[in-house]
file model-v7.cif (mmCIF, C-alpha atoms)
data_data
loop_
_atom_site.group_PDB
_atom_site.id
_atom_site.type_symbol
_atom_site.label_atom_id
_atom_site.label_comp_id
_atom_site.auth_asym_id
_atom_site.auth_seq_id
_atom_site.Cartn_x
_atom_site.Cartn_y
_atom_site.Cartn_z
ATOM 1 C CA MET A 1 0.000 0.000 0.000
ATOM 2 C CA LEU A 2 2.801 2.406 0.875
ATOM 3 C CA ALA A 3 4.619 1.741 -2.407
ATOM 4 C CA ALA A 4 1.403 2.256 -4.380
ATOM 5 C CA ARG A 5 0.746 5.582 -2.696
ATOM 6 C CA MET A 6 4.287 6.811 -3.366
ATOM 7 C CA LEU A 7 4.046 5.698 -7.012
ATOM 8 C CA ALA A 8 0.753 7.533 -7.418
ATOM 9 C CA ALA A 9 2.315 10.654 -5.942
ATOM 10 C CA ALA A 10 5.261 10.422 -8.346
ATOM 11 C CA LEU A 11 2.932 10.107 -11.340
ATOM 12 C CA LEU A 12 0.995 13.161 -10.237
ATOM 13 C CA LEU A 13 4.230 15.132 -10.178
ATOM 14 C CA VAL A 14 5.173 14.438 -13.802
ATOM 15 C CA PRO A 15 2.977 17.185 -15.318
ATOM 16 C CA TRP A 16 4.630 19.713 -13.026
ATOM 17 C CA GLN A 17 8.070 18.739 -14.297
ATOM 18 C CA ALA A 18 7.015 18.955 -17.924
ATOM 19 C CA GLN A 19 5.341 22.292 -17.357
ATOM 20 C CA ALA A 20 8.473 23.680 -15.748
ATOM 21 C CA GLY A 21 10.458 22.961 -18.918
ATOM 22 C CA ASP A 22 7.935 24.467 -21.367
ATOM 23 C CA GLY A 23 9.542 27.258 -23.342
ATOM 24 C CA ASP A 24 12.855 26.823 -21.512
ATOM 25 C CA THR A 25 12.593 30.396 -20.237
ATOM 26 C CA ALA A 26 15.175 31.725 -17.799
ATOM 27 C CA ASP A 27 12.512 33.184 -15.499
ATOM 28 C CA ALA A 28 10.408 29.987 -15.283
ATOM 29 C CA PRO A 29 9.948 28.887 -11.648
ATOM 30 C CA LYS A 30 12.166 25.973 -10.701
ATOM 31 C CA THR A 31 10.403 22.724 -9.863
ATOM 32 C CA THR A 32 11.881 20.041 -7.619
ATOM 33 C CA VAL A 33 10.379 16.734 -6.529
ATOM 34 C CA ALA A 34 11.392 14.753 -3.438
ATOM 35 C CA ILE A 35 10.159 11.299 -2.431
ATOM 36 C CA THR A 36 11.314 9.645 0.806
ATOM 37 C CA GLY A 37 10.471 6.324 2.415
ATOM 38 C CA TYR A 38 11.133 5.610 6.107
ATOM 39 C CA TYR A 39 11.377 2.177 7.746
ATOM 40 C CA TYR A 40 10.827 2.142 11.515
ATOM 41 C CA ALA A 41 12.623 -0.846 13.065
ATOM 42 C CA MET A 42 10.957 -1.103 16.480
ATOM 43 C CA ARG A 43 11.992 -3.006 19.586
ATOM 44 C CA ASP A 44 8.678 -3.591 21.397
ATOM 45 C CA GLU A 45 6.074 -3.138 18.643
ATOM 46 C CA PRO A 46 5.652 -4.130 14.973
ATOM 47 C CA ASP A 47 7.841 -2.405 12.399
ATOM 48 C CA PHE A 48 6.111 -0.023 10.007
ATOM 49 C CA GLY A 49 6.785 2.360 7.126
ATOM 50 C CA VAL A 50 6.234 6.070 6.473
ATOM 51 C CA GLY A 51 6.121 7.804 3.092
ATOM 52 C CA VAL A 52 6.544 11.476 2.140
ATOM 53 C CA ALA A 53 6.302 13.097 -1.315
ATOM 54 C CA ALA A 54 6.839 16.831 -1.916
ATOM 55 C CA ILE A 55 6.813 19.279 -4.799
ATOM 56 C CA ASP A 56 8.435 22.709 -4.703
ATOM 57 C CA ARG A 57 7.621 25.006 -7.616
ATOM 58 C CA GLY A 58 9.197 28.358 -6.913
ATOM 59 C CA PRO A 59 7.998 29.328 -3.419
ATOM 60 C CA LEU A 60 4.948 27.029 -3.627
ATOM 61 C CA HIS A 61 5.304 23.895 -1.491
ATOM 62 C CA LEU A 62 2.981 20.877 -1.765
ATOM 63 C CA GLU A 63 3.395 17.747 0.321
ATOM 64 C CA ALA A 64 1.688 14.393 0.946
ATOM 65 C CA ARG A 65 2.461 11.966 3.784
ATOM 66 C CA TYR A 66 1.341 8.490 4.829
ATOM 67 C CA ASN A 67 1.585 7.037 8.365
ATOM 68 C CA TYR A 68 3.170 10.306 9.493
ATOM 69 C CA GLU A 69 0.860 12.013 12.000
ATOM 70 C CA ALA A 70 -1.120 8.826 12.698
ATOM 71 C CA ARG A 71 -1.036 5.171 11.646
ATOM 72 C CA ASN A 72 -3.039 4.256 8.531
ATOM 73 C CA SER A 73 -3.699 7.925 7.794
ATOM 74 C CA THR A 74 -2.770 10.279 4.965
ATOM 75 C CA SER A 75 -2.076 14.004 5.224
ATOM 76 C CA VAL A 76 -1.775 16.625 2.482
ATOM 77 C CA PHE A 77 -0.305 20.113 2.825
ATOM 78 C CA ALA A 78 0.183 23.367 0.956
ATOM 79 C CA GLY A 79 2.597 26.109 1.968
ATOM 80 C CA TRP A 80 4.638 29.077 0.819
ATOM 81 C CA LYS A 81 8.409 29.282 1.231
ATOM 82 C CA PHE A 82 10.313 32.377 2.360
ATOM 83 C CA SER A 83 14.108 32.365 2.221
ATOM 84 C CA GLY A 84 17.128 34.621 2.371
ATOM 85 C CA GLY A 85 20.592 35.148 3.764
ATOM 86 C CA ASP A 86 24.104 34.813 2.426
ATOM 87 C CA VAL A 87 26.648 33.893 5.097
ATOM 88 C CA VAL A 88 23.750 32.600 7.198
ATOM 89 C CA SER A 89 20.990 31.232 4.969
ATOM 90 C CA TRP A 90 17.455 30.496 6.123
ATOM 91 C CA GLU A 91 14.128 29.147 4.930
ATOM 92 C CA VAL A 92 10.681 29.303 6.552
ATOM 93 C CA THR A 93 7.645 27.556 5.089
ATOM 94 C CA PRO A 94 4.276 27.992 6.833
ATOM 95 C CA ILE A 95 2.006 25.072 5.898
ATOM 96 C CA VAL A 96 -1.598 24.035 6.452
ATOM 97 C CA GLY A 97 -3.118 20.661 5.696
ATOM 98 C CA GLY A 98 -5.682 18.013 6.370
ATOM 99 C CA LEU A 99 -5.461 14.516 7.864
ATOM 100 C CA PHE A 100 -7.773 11.688 6.833
ATOM 101 C CA GLY A 101 -7.988 7.917 7.165
ATOM 102 C CA ALA A 102 -7.893 6.199 10.553
ATOM 103 C CA ALA A 103 -7.607 9.711 12.021
ATOM 104 C CA SER A 104 -8.973 12.977 10.658
ATOM 105 C CA GLY A 105 -8.053 16.532 11.480
ATOM 106 C CA VAL A 106 -6.709 19.924 10.509
ATOM 107 C CA VAL A 107 -2.932 20.420 10.699
ATOM 108 C CA PRO A 108 -1.319 23.890 10.650
ATOM 109 C CA GLY A 109 2.451 23.990 10.989
ATOM 110 C CA VAL A 110 5.796 25.325 9.856
ATOM 111 C CA GLU A 111 9.018 23.931 8.358
ATOM 112 C CA ALA A 112 12.156 26.006 8.933
ATOM 113 C CA SER A 113 15.912 25.720 8.543
ATOM 114 C CA VAL A 114 19.024 27.818 9.058
ATOM 115 C CA ALA A 115 22.564 27.064 7.864
ATOM 116 C CA TRP A 116 25.999 28.527 8.580
ATOM 117 C CA ARG A 117 29.145 27.105 6.988
ATOM 118 C CA ASP A 118 29.044 23.319 7.601
ATOM 119 C CA PHE A 119 26.355 23.508 10.306
ATOM 120 C CA ASP A 120 22.595 23.554 9.944
ATOM 121 C CA PHE A 121 19.452 23.290 12.015
ATOM 122 C CA TYR A 122 16.056 22.091 10.785
ATOM 123 C CA ILE A 123 12.724 22.003 12.596
ATOM 124 C CA GLU A 124 9.278 20.898 11.597
ATOM 125 C CA ALA A 125 6.453 21.694 14.013
ATOM 126 C CA GLU A 126 2.708 21.297 13.682
ATOM 127 C CA TYR A 127 -0.473 21.058 15.699
ATOM 128 C CA VAL A 128 -2.716 18.107 14.870
ATOM 129 C CA ARG A 129 -6.298 19.141 15.634
ATOM 130 C CA ASP A 130 -8.246 15.875 15.796
ATOM 131 C CA LEU A 131 -11.800 16.406 14.461
ATOM 132 C CA ASP A 132 -13.124 13.099 15.838
ATOM 133 C CA ASP A 133 -11.745 13.418 19.372
ATOM 134 C CA ALA A 134 -10.544 16.832 20.568
ATOM 135 C CA SER A 135 -8.705 15.219 23.496
ATOM 136 C CA ALA A 136 -6.515 13.333 20.968
ATOM 137 C CA SER A 137 -5.159 16.574 19.474
ATOM 138 C CA TYR A 138 -1.430 16.991 19.964
ATOM 139 C CA PHE A 139 1.698 18.970 19.095
ATOM 140 C CA TYR A 140 4.182 17.213 16.794
ATOM 141 C CA SER A 141 7.788 18.188 16.137
ATOM 142 C CA TRP A 142 10.902 16.863 14.412
ATOM 143 C CA SER A 143 14.270 18.632 14.625
ATOM 144 C CA GLU A 144 17.819 18.033 13.430
ATOM 145 C CA LEU A 145 21.135 19.687 14.262
ATOM 146 C CA GLY A 146 23.579 18.671 11.552
ATOM 147 C CA TRP A 147 27.240 19.003 10.624
ATOM 148 C CA ARG A 148 28.833 18.213 7.240
ATOM 149 C CA PRO A 149 32.437 17.009 7.614
ATOM 150 C CA ALA A 150 32.332 16.253 3.864
ATOM 151 C CA PRO A 151 29.998 17.374 1.063
ATOM 152 C CA TRP A 152 28.429 13.887 0.873
ATOM 153 C CA LEU A 153 28.241 13.212 4.632
ATOM 154 C CA ARG A 154 26.007 14.761 7.318
ATOM 155 C CA VAL A 155 25.896 13.705 10.978
ATOM 156 C CA GLY A 156 24.205 15.130 14.031
ATOM 157 C CA LEU A 157 21.475 15.031 16.665
ATOM 158 C CA ALA A 158 17.745 14.491 16.134
ATOM 159 C CA GLY A 159 14.657 14.858 18.289
ATOM 160 C CA GLN A 160 10.966 14.266 17.862
ATOM 161 C CA ARG A 161 7.616 14.314 19.613
ATOM 162 C CA THR A 162 5.197 11.971 17.865
ATOM 163 C CA MET A 163 2.148 9.782 18.416
ATOM 164 C CA ILE A 164 3.059 7.035 15.945
ATOM 165 C CA VAL A 165 5.680 5.582 18.304
ATOM 166 C CA ASP A 166 4.517 4.267 21.695
ATOM 167 C CA THR A 167 7.246 4.899 24.276
ATOM 168 C CA ASP A 168 7.399 6.165 27.841
ATOM 169 C CA ARG A 169 9.193 9.314 26.651
ATOM 170 C CA GLU A 170 7.203 12.300 25.442
ATOM 171 C CA LEU A 171 10.315 13.791 23.838
ATOM 172 C CA GLN A 172 12.613 11.347 22.067
ATOM 173 C CA GLY A 173 16.211 12.101 21.177
ATOM 174 C CA GLY A 174 18.874 10.388 19.155
ATOM 175 C CA VAL A 175 21.696 10.609 16.626
ATOM 176 C CA PHE A 176 21.809 10.278 12.856
ATOM 177 C CA VAL A 177 24.140 9.830 9.901
ATOM 178 C CA GLN A 178 23.329 10.648 6.257
ATOM 179 C CA GLY A 179 25.148 9.849 3.050
ATOM 180 C CA THR A 180 24.338 11.420 -0.325
ATOM 181 C CA ALA A 181 25.224 10.078 -3.762
ATOM 182 C CA GLY A 182 23.852 11.994 -6.705
ATOM 183 C CA SER A 183 20.134 12.590 -6.141
ATOM 184 C CA ALA A 184 19.757 9.875 -3.476
ATOM 185 C CA THR A 185 20.205 10.222 0.292
ATOM 186 C CA LEU A 186 20.401 7.312 2.746
ATOM 187 C CA SER A 187 19.840 8.144 6.423
ATOM 188 C CA VAL A 188 19.979 6.133 9.647
ATOM 189 C CA TYR A 189 18.500 7.507 12.897
ATOM 190 C CA ALA A 190 18.914 5.863 16.309
ATOM 191 C CA PHE A 191 16.360 7.125 18.839
ATOM 192 C CA ASN A 192 16.393 6.565 22.603
ATOM 193 C CA PRO A 193 19.713 4.684 22.384
ATOM 194 C CA ASP A 194 20.016 4.624 26.179
ATOM 195 C CA ALA A 195 16.573 3.120 26.860
ATOM 196 C CA GLY A 196 14.635 -0.095 26.390
ATOM 197 C CA SER A 197 12.317 1.796 24.042
ATOM 198 C CA ARG A 198 15.128 2.383 21.535
ATOM 199 C CA TYR A 199 14.378 2.095 17.833
ATOM 200 C CA VAL A 200 16.031 2.775 14.483
ATOM 201 C CA ILE A 201 14.712 4.617 11.426
ATOM 202 C CA VAL A 202 16.249 3.948 8.012
ATOM 203 C CA SER A 203 15.224 6.291 5.190
ATOM 204 C CA LEU A 204 15.971 6.531 1.497
ATOM 205 C CA GLY A 205 15.087 9.673 -0.400
ATOM 206 C CA VAL A 206 15.464 10.831 -3.999
ATOM 207 C CA ARG A 207 15.274 14.385 -5.314
ATOM 208 C CA PHE A 208 14.974 15.436 -8.927
#
call {"tool": "encode", "arguments": {"input": "model-v7.cif", "output": "structure tokens"}}
result
Amino acid sequence: MLAARMLAAALLLVPWQAQAGDGDTADAPKTTVAITGYYYAMRDEPDFGVGVAAIDRGPLHLEARYNYEARNSTSVFAGWKFSGGDVVSWEVTPIVGGLFGAASGVVPGVEASVAWRDFDFYIEAEYVRDLDDASASYFYSWSELGWRPAPWLRVGLAGQRTMIVDTDRELQGGVFVQGTAGSATLSVYAFNPDAGSRYVIVSLGVRF
């Protein structure tokens, strides 16, 4: 099911790519597509997968996720990117979306990053307003503090607050390592390495 959803998302993106190349004009907005699959290798519960597909056309940001905010649920988002900086570069993308499937809700949030030399910080924060059960609403976040010792290698610290992983820790921390080759990036995250609730996330993403 996850693979089918990601394939459908990729097919929907093709017209955007073709449209971006029409006329080959210098001022045409740039279009990029990113598709990432995550495998959660759990210790005390069944393993599961997460999928994310995103399109950026100029400042317009569109995104679809599966199993992200809640199990067996899909979310879709639209946002607008603001960016700037030279020595210190930054990006901020306010987003708003909807959640449907096993859970349903409205999800406003923001994705933001800042980079200086070989260091960067990324945060994604959102509020999941559950329309079926208001008491199930929650605040979600994912953050990364990274360092690039080489152009193809990124390592650092990660943290998240999520409802798709059942642990005794409200805030979960860990470490990660990423390797990039061409348009593909392989990442390994180790969360709660000091606890019995530890788990590993392996992700593979492509950007074109």
call {"tool": "closest_residue", "arguments": {"input": "model-v7.cif", "among": "A:Ala103, A:Glu91, A:Gly58, A:Asp27", "to": "A:Ile164", "atoms": "all atoms listed in the file"}}
result
A:Ala103
call {"tool": "atom_distance", "arguments": {"input": "model-v7.cif", "atom1": "atom CA of A:Thr162", "atom2": "atom CA of A:Val92"}}
result
21.4 Å
call {"tool": "residues_around", "arguments": {"input": "model-v7.cif", "residues": "A:Pro149", "least_positions_apart": "4", "cutoff": "12 Å", "atoms": "only C-alpha atoms", "output": "list in words"}}
result
Arg117, Asp118, Phe119, Leu153, Arg154, Val155, Gly156, Val177, Gln178 and Gly179 of chain A
call {"tool": "residues_around", "arguments": {"input": "model-v7.cif", "residues": "A:Val188", "least_positions_apart": "3", "cutoff": "8 Å", "atoms": "all atoms listed in the file", "output": "list in words"}}
result
Phe176, Val177, Gln178, Val200, Ile201, Val202 and Ser203 of chain A
call {"tool": "resolve_selection", "arguments": {"input": "model-v7.cif", "expression": "the PyMOL selection byres ((chain A and resi 70) around 7)", "output": "ChimeraX atom specification"}}
result
/A:67-69,71-73,103,163-164
call {"tool": "write_last_selection", "arguments": {"input": "model-v7.cif", "atoms": "C-alpha atoms", "output": "CSV table (one decimal), in the coordinates of the input"}}
result
chain,number,residue,atom,x,y,z
A,67,ASN,CA,1.6,7.0,8.4
A,68,TYR,CA,3.2,10.3,9.5
A,69,GLU,CA,0.9,12.0,12.0
A,71,ARG,CA,-1.0,5.2,11.6
A,72,ASN,CA,-3.0,4.3,8.5
A,73,SER,CA,-3.7,7.9,7.8
A,103,ALA,CA,-7.6,9.7,12.0
A,163,MET,CA,2.1,9.8,18.4
A,164,ILE,CA,3.1,7.0,15.9
call {"tool": "resolve_selection", "arguments": {"input": "model-v7.cif", "expression": "the PyMOL selection byres ((chain A and resi 198) around 12)", "output": "list of chain:residue names"}}
result
A:Tyr40, A:Ala41, A:Met42, A:Arg43, A:Asp44, A:Glu45, A:Val165, A:Asp166, A:Thr167, A:Asp168, A:Arg169, A:Gln172, A:Gly173, A:Gly174, A:Val175, A:Tyr189, A:Ala190, A:Phe191, A:Asn192, A:Pro193, A:Asp194, A:Ala195, A:Gly196, A:Ser197, A:Tyr199, A:Val200, A:Ile201
call {"tool": "resolve_selection", "arguments": {"input": "model-v7.cif", "expression": "the PyMOL selection byres ((chain A and resi 139) around 6)", "output": "list in words"}}
result
Glu126, Tyr127, Tyr138 and Tyr140 of chain A
call {"tool": "closest_residue", "arguments": {"input": "model-v7.cif", "among": "A:Gly97, A:Phe48, A:Asp56, A:Gly79", "to": "A:Ile35", "atoms": "all atoms listed in the file"}}
result
A:Asp56
call {"tool": "atom_distance", "arguments": {"input": "model-v7.cif", "atom1": "atom CA of A:Thr185", "atom2": "atom CA of A:Val128"}}
result
28.3 Å
call {"tool": "atom_distance", "arguments": {"input": "model-v7.cif", "atom1": "atom CA of A:Thr74", "atom2": "atom CA of A:Ser143"}}
result
21.3 Å
call {"tool": "axis_aligned_box", "arguments": {"input": "model-v7.cif", "around": "stretch 37-48 of chain A", "padding_each_side": "5 Å", "output": "AutoDock Vina command-line options"}}
result
--center_x 9.1 --center_y 1.1 --center_z 11.9 --size_x 17.0 --size_y 20.5 --size_z 29.0
call {"tool": "residues_near_point", "arguments": {"input": "model-v7.cif", "point": "(-3.5, 28.5, 11.2)", "cutoff": "9 Å", "atoms": "only C-alpha atoms", "output": "PDB file with C-alpha atoms, keeping the file's coordinate frame"}}
result
ATOM      1  CA  PRO A  94       4.276  27.992   6.833  1.00  0.00           C
ATOM      2  CA  ILE A  95       2.006  25.072   5.898  1.00  0.00           C
ATOM      3  CA  VAL A  96      -1.598  24.035   6.452  1.00  0.00           C
ATOM      4  CA  VAL A 107      -2.932  20.420  10.699  1.00  0.00           C
ATOM      5  CA  PRO A 108      -1.319  23.890  10.650  1.00  0.00           C
ATOM      6  CA  GLY A 109       2.451  23.990  10.989  1.00  0.00           C
TER       7      GLY A 109
END
call {"tool": "residues_around", "arguments": {"input": "model-v7.cif", "residues": "A:Leu204", "least_positions_apart": "2", "cutoff": "6 Å", "atoms": "only C-alpha atoms", "output": "PyMOL selection string"}}
result
chain A and resi 36-37+185-186
call {"tool": "closest_residue", "arguments": {"input": "model-v7.cif", "among": "A:Ser104, A:Ser75, A:Ser135, A:Ser187", "to": "A:Gly51", "atoms": "all atoms listed in the file"}}
result
A:Ser75
call {"tool": "residues_near_point", "arguments": {"input": "model-v7.cif", "point": "(0.3, 28.1, -2.2)", "cutoff": "8 Å", "atoms": "all atoms listed in the file", "output": "list in words"}}
result
Pro59, Leu60, His61, Leu62, Ala78, Gly79 and Trp80 of chain A
call {"tool": "decode", "arguments": {"input": "model-v7.cif", "residues": "stretch 177-202 of chain A", "atoms": "N, CA, C and O atoms", "output": "PDB file, in the first residue's frame"}}
result
ATOM      1  N   VAL A 177      23.092   9.693  10.911  1.00  0.00           N
ATOM      2  CA  VAL A 177      24.140   9.830   9.901  1.00  0.00           C
ATOM      3  C   VAL A 177      23.473   9.735   8.533  1.00  0.00           C
ATOM      4  O   VAL A 177      22.577   8.906   8.331  1.00  0.00           O
ATOM      5  N   GLN A 178      23.892  10.610   7.602  1.00  0.00           N
ATOM      6  CA  GLN A 178      23.329  10.648   6.257  1.00  0.00           C
ATOM      7  C   GLN A 178      24.447  10.613   5.229  1.00  0.00           C
ATOM      8  O   GLN A 178      25.469  11.267   5.411  1.00  0.00           O
ATOM      9  N   GLY A 179      24.213   9.868   4.167  1.00  0.00           N
ATOM     10  CA  GLY A 179      25.148   9.849   3.050  1.00  0.00           C
ATOM     11  C   GLY A 179      24.410  10.145   1.761  1.00  0.00           C
ATOM     12  O   GLY A 179      23.325   9.600   1.535  1.00  0.00           O
ATOM     13  N   THR A 180      24.977  11.022   0.927  1.00  0.00           N
ATOM     14  CA  THR A 180      24.338  11.420  -0.325  1.00  0.00           C
ATOM     15  C   THR A 180      25.202  11.025  -1.510  1.00  0.00           C
ATOM     16  O   THR A 180      26.418  11.258  -1.508  1.00  0.00           O
ATOM     17  N   ALA A 181      24.555  10.434  -2.508  1.00  0.00           N
ATOM     18  CA  ALA A 181      25.224  10.078  -3.762  1.00  0.00           C
ATOM     19  C   ALA A 181      24.306  10.488  -4.902  1.00  0.00           C
ATOM     20  O   ALA A 181      23.228   9.909  -5.070  1.00  0.00           O
ATOM     21  N   GLY A 182      24.702  11.499  -5.639  1.00  0.00           N
ATOM     22  CA  GLY A 182      23.852  11.994  -6.705  1.00  0.00           C
ATOM     23  C   GLY A 182      22.571  12.584  -6.144  1.00  0.00           C
ATOM     24  O   GLY A 182      22.587  13.447  -5.270  1.00  0.00           O
ATOM     25  N   SER A 183      21.428  12.082  -6.595  1.00  0.00           N
ATOM     26  CA  SER A 183      20.134  12.590  -6.141  1.00  0.00           C
ATOM     27  C   SER A 183      19.551  11.775  -4.997  1.00  0.00           C
ATOM     28  O   SER A 183      18.438  12.058  -4.542  1.00  0.00           O
ATOM     29  N   ALA A 184      20.272  10.760  -4.521  1.00  0.00           N
ATOM     30  CA  ALA A 184      19.757   9.875  -3.476  1.00  0.00           C
ATOM     31  C   ALA A 184      20.442  10.143  -2.137  1.00  0.00           C
ATOM     32  O   ALA A 184      21.645  10.421  -2.086  1.00  0.00           O
ATOM     33  N   THR A 185      19.674  10.051  -1.058  1.00  0.00           N
ATOM     34  CA  THR A 185      20.205  10.222   0.292  1.00  0.00           C
ATOM     35  C   THR A 185      19.741   9.074   1.170  1.00  0.00           C
ATOM     36  O   THR A 185      18.540   8.797   1.268  1.00  0.00           O
ATOM     37  N   LEU A 186      20.689   8.396   1.806  1.00  0.00           N
ATOM     38  CA  LEU A 186      20.401   7.312   2.746  1.00  0.00           C
ATOM     39  C   LEU A 186      20.678   7.820   4.156  1.00  0.00           C
ATOM     40  O   LEU A 186      21.751   8.367   4.422  1.00  0.00           O
ATOM     41  N   SER A 187      19.713   7.646   5.053  1.00  0.00           N
ATOM     42  CA  SER A 187      19.840   8.144   6.423  1.00  0.00           C
ATOM     43  C   SER A 187      19.540   7.035   7.420  1.00  0.00           C
ATOM     44  O   SER A 187      18.673   6.179   7.169  1.00  0.00           O
ATOM     45  N   VAL A 188      20.239   7.067   8.547  1.00  0.00           N
ATOM     46  CA  VAL A 188      19.979   6.133   9.647  1.00  0.00           C
ATOM     47  C   VAL A 188      19.873   6.955  10.932  1.00  0.00           C
ATOM     48  O   VAL A 188      20.788   7.717  11.268  1.00  0.00           O
ATOM     49  N   TYR A 189      18.743   6.821  11.630  1.00  0.00           N
ATOM     50  CA  TYR A 189      18.500   7.507  12.897  1.00  0.00           C
ATOM     51  C   TYR A 189      18.390   6.472  14.010  1.00  0.00           C
ATOM     52  O   TYR A 189      17.712   5.449  13.844  1.00  0.00           O
ATOM     53  N   ALA A 190      19.021   6.732  15.139  1.00  0.00           N
ATOM     54  CA  ALA A 190      18.914   5.863  16.309  1.00  0.00           C
ATOM     55  C   ALA A 190      18.311   6.684  17.441  1.00  0.00           C
ATOM     56  O   ALA A 190      18.961   7.589  17.968  1.00  0.00           O
ATOM     57  N   PHE A 191      17.059   6.378  17.796  1.00  0.00           N
ATOM     58  CA  PHE A 191      16.360   7.125  18.839  1.00  0.00           C
ATOM     59  C   PHE A 191      16.362   6.364  20.161  1.00  0.00           C
ATOM     60  O   PHE A 191      16.327   5.135  20.188  1.00  0.00           O
ATOM     61  N   ASN A 192      16.386   7.113  21.240  1.00  0.00           N
ATOM     62  CA  ASN A 192      16.393   6.565  22.603  1.00  0.00           C
ATOM     63  C   ASN A 192      17.457   5.483  22.770  1.00  0.00           C
ATOM     64  O   ASN A 192      17.176   4.387  23.267  1.00  0.00           O
ATOM     65  N   PRO A 193      18.697   5.741  22.347  1.00  0.00           N
ATOM     66  CA  PRO A 193      19.713   4.684  22.384  1.00  0.00           C
ATOM     67  C   PRO A 193      20.041   4.196  23.790  1.00  0.00           C
ATOM     68  O   PRO A 193      20.599   3.106  23.943  1.00  0.00           O
ATOM     69  N   ASP A 194      19.695   4.988  24.800  1.00  0.00           N
ATOM     70  CA  ASP A 194      20.016   4.624  26.179  1.00  0.00           C
ATOM     71  C   ASP A 194      18.856   3.957  26.902  1.00  0.00           C
ATOM     72  O   ASP A 194      18.934   3.722  28.112  1.00  0.00           O
ATOM     73  N   ALA A 195      17.770   3.635  26.197  1.00  0.00           N
ATOM     74  CA  ALA A 195      16.573   3.120  26.860  1.00  0.00           C
ATOM     75  C   ALA A 195      16.091   1.826  26.212  1.00  0.00           C
ATOM     76  O   ALA A 195      16.459   1.489  25.084  1.00  0.00           O
ATOM     77  N   GLY A 196      15.218   1.123  26.931  1.00  0.00           N
ATOM     78  CA  GLY A 196      14.635  -0.095  26.390  1.00  0.00           C
ATOM     79  C   GLY A 196      13.693   0.179  25.239  1.00  0.00           C
ATOM     80  O   GLY A 196      13.382  -0.728  24.455  1.00  0.00           O
ATOM     81  N   SER A 197      13.236   1.419  25.118  1.00  0.00           N
ATOM     82  CA  SER A 197      12.317   1.796  24.042  1.00  0.00           C
ATOM     83  C   SER A 197      13.060   2.261  22.797  1.00  0.00           C
ATOM     84  O   SER A 197      12.474   2.939  21.947  1.00  0.00           O
ATOM     85  N   ARG A 198      14.342   1.918  22.676  1.00  0.00           N
ATOM     86  CA  ARG A 198      15.128   2.383  21.535  1.00  0.00           C
ATOM     87  C   ARG A 198      14.602   1.789  20.221  1.00  0.00           C
ATOM     88  O   ARG A 198      14.057   0.687  20.188  1.00  0.00           O
ATOM     89  N   TYR A 199      14.781   2.541  19.157  1.00  0.00           N
ATOM     90  CA  TYR A 199      14.378   2.095  17.833  1.00  0.00           C
ATOM     91  C   TYR A 199      15.228   2.803  16.785  1.00  0.00           C
ATOM     92  O   TYR A 199      15.884   3.809  17.059  1.00  0.00           O
ATOM     93  N   VAL A 200      15.216   2.259  15.581  1.00  0.00           N
ATOM     94  CA  VAL A 200      16.031   2.775  14.483  1.00  0.00           C
ATOM     95  C   VAL A 200      15.121   3.108  13.305  1.00  0.00           C
ATOM     96  O   VAL A 200      14.170   2.380  13.008  1.00  0.00           O
ATOM     97  N   ILE A 201      15.413   4.232  12.642  1.00  0.00           N
ATOM     98  CA  ILE A 201      14.712   4.617  11.426  1.00  0.00           C
ATOM     99  C   ILE A 201      15.725   4.640  10.283  1.00  0.00           C
ATOM    100  O   ILE A 201      16.764   5.293  10.390  1.00  0.00           O
ATOM    101  N   VAL A 202      15.420   3.933   9.212  1.00  0.00           N
ATOM    102  CA  VAL A 202      16.249   3.948   8.012  1.00  0.00           C
ATOM    103  C   VAL A 202      15.419   4.592   6.899  1.00  0.00           C
ATOM    104  O   VAL A 202      14.282   4.184   6.662  1.00  0.00           O
TER     105      VAL A 202
END
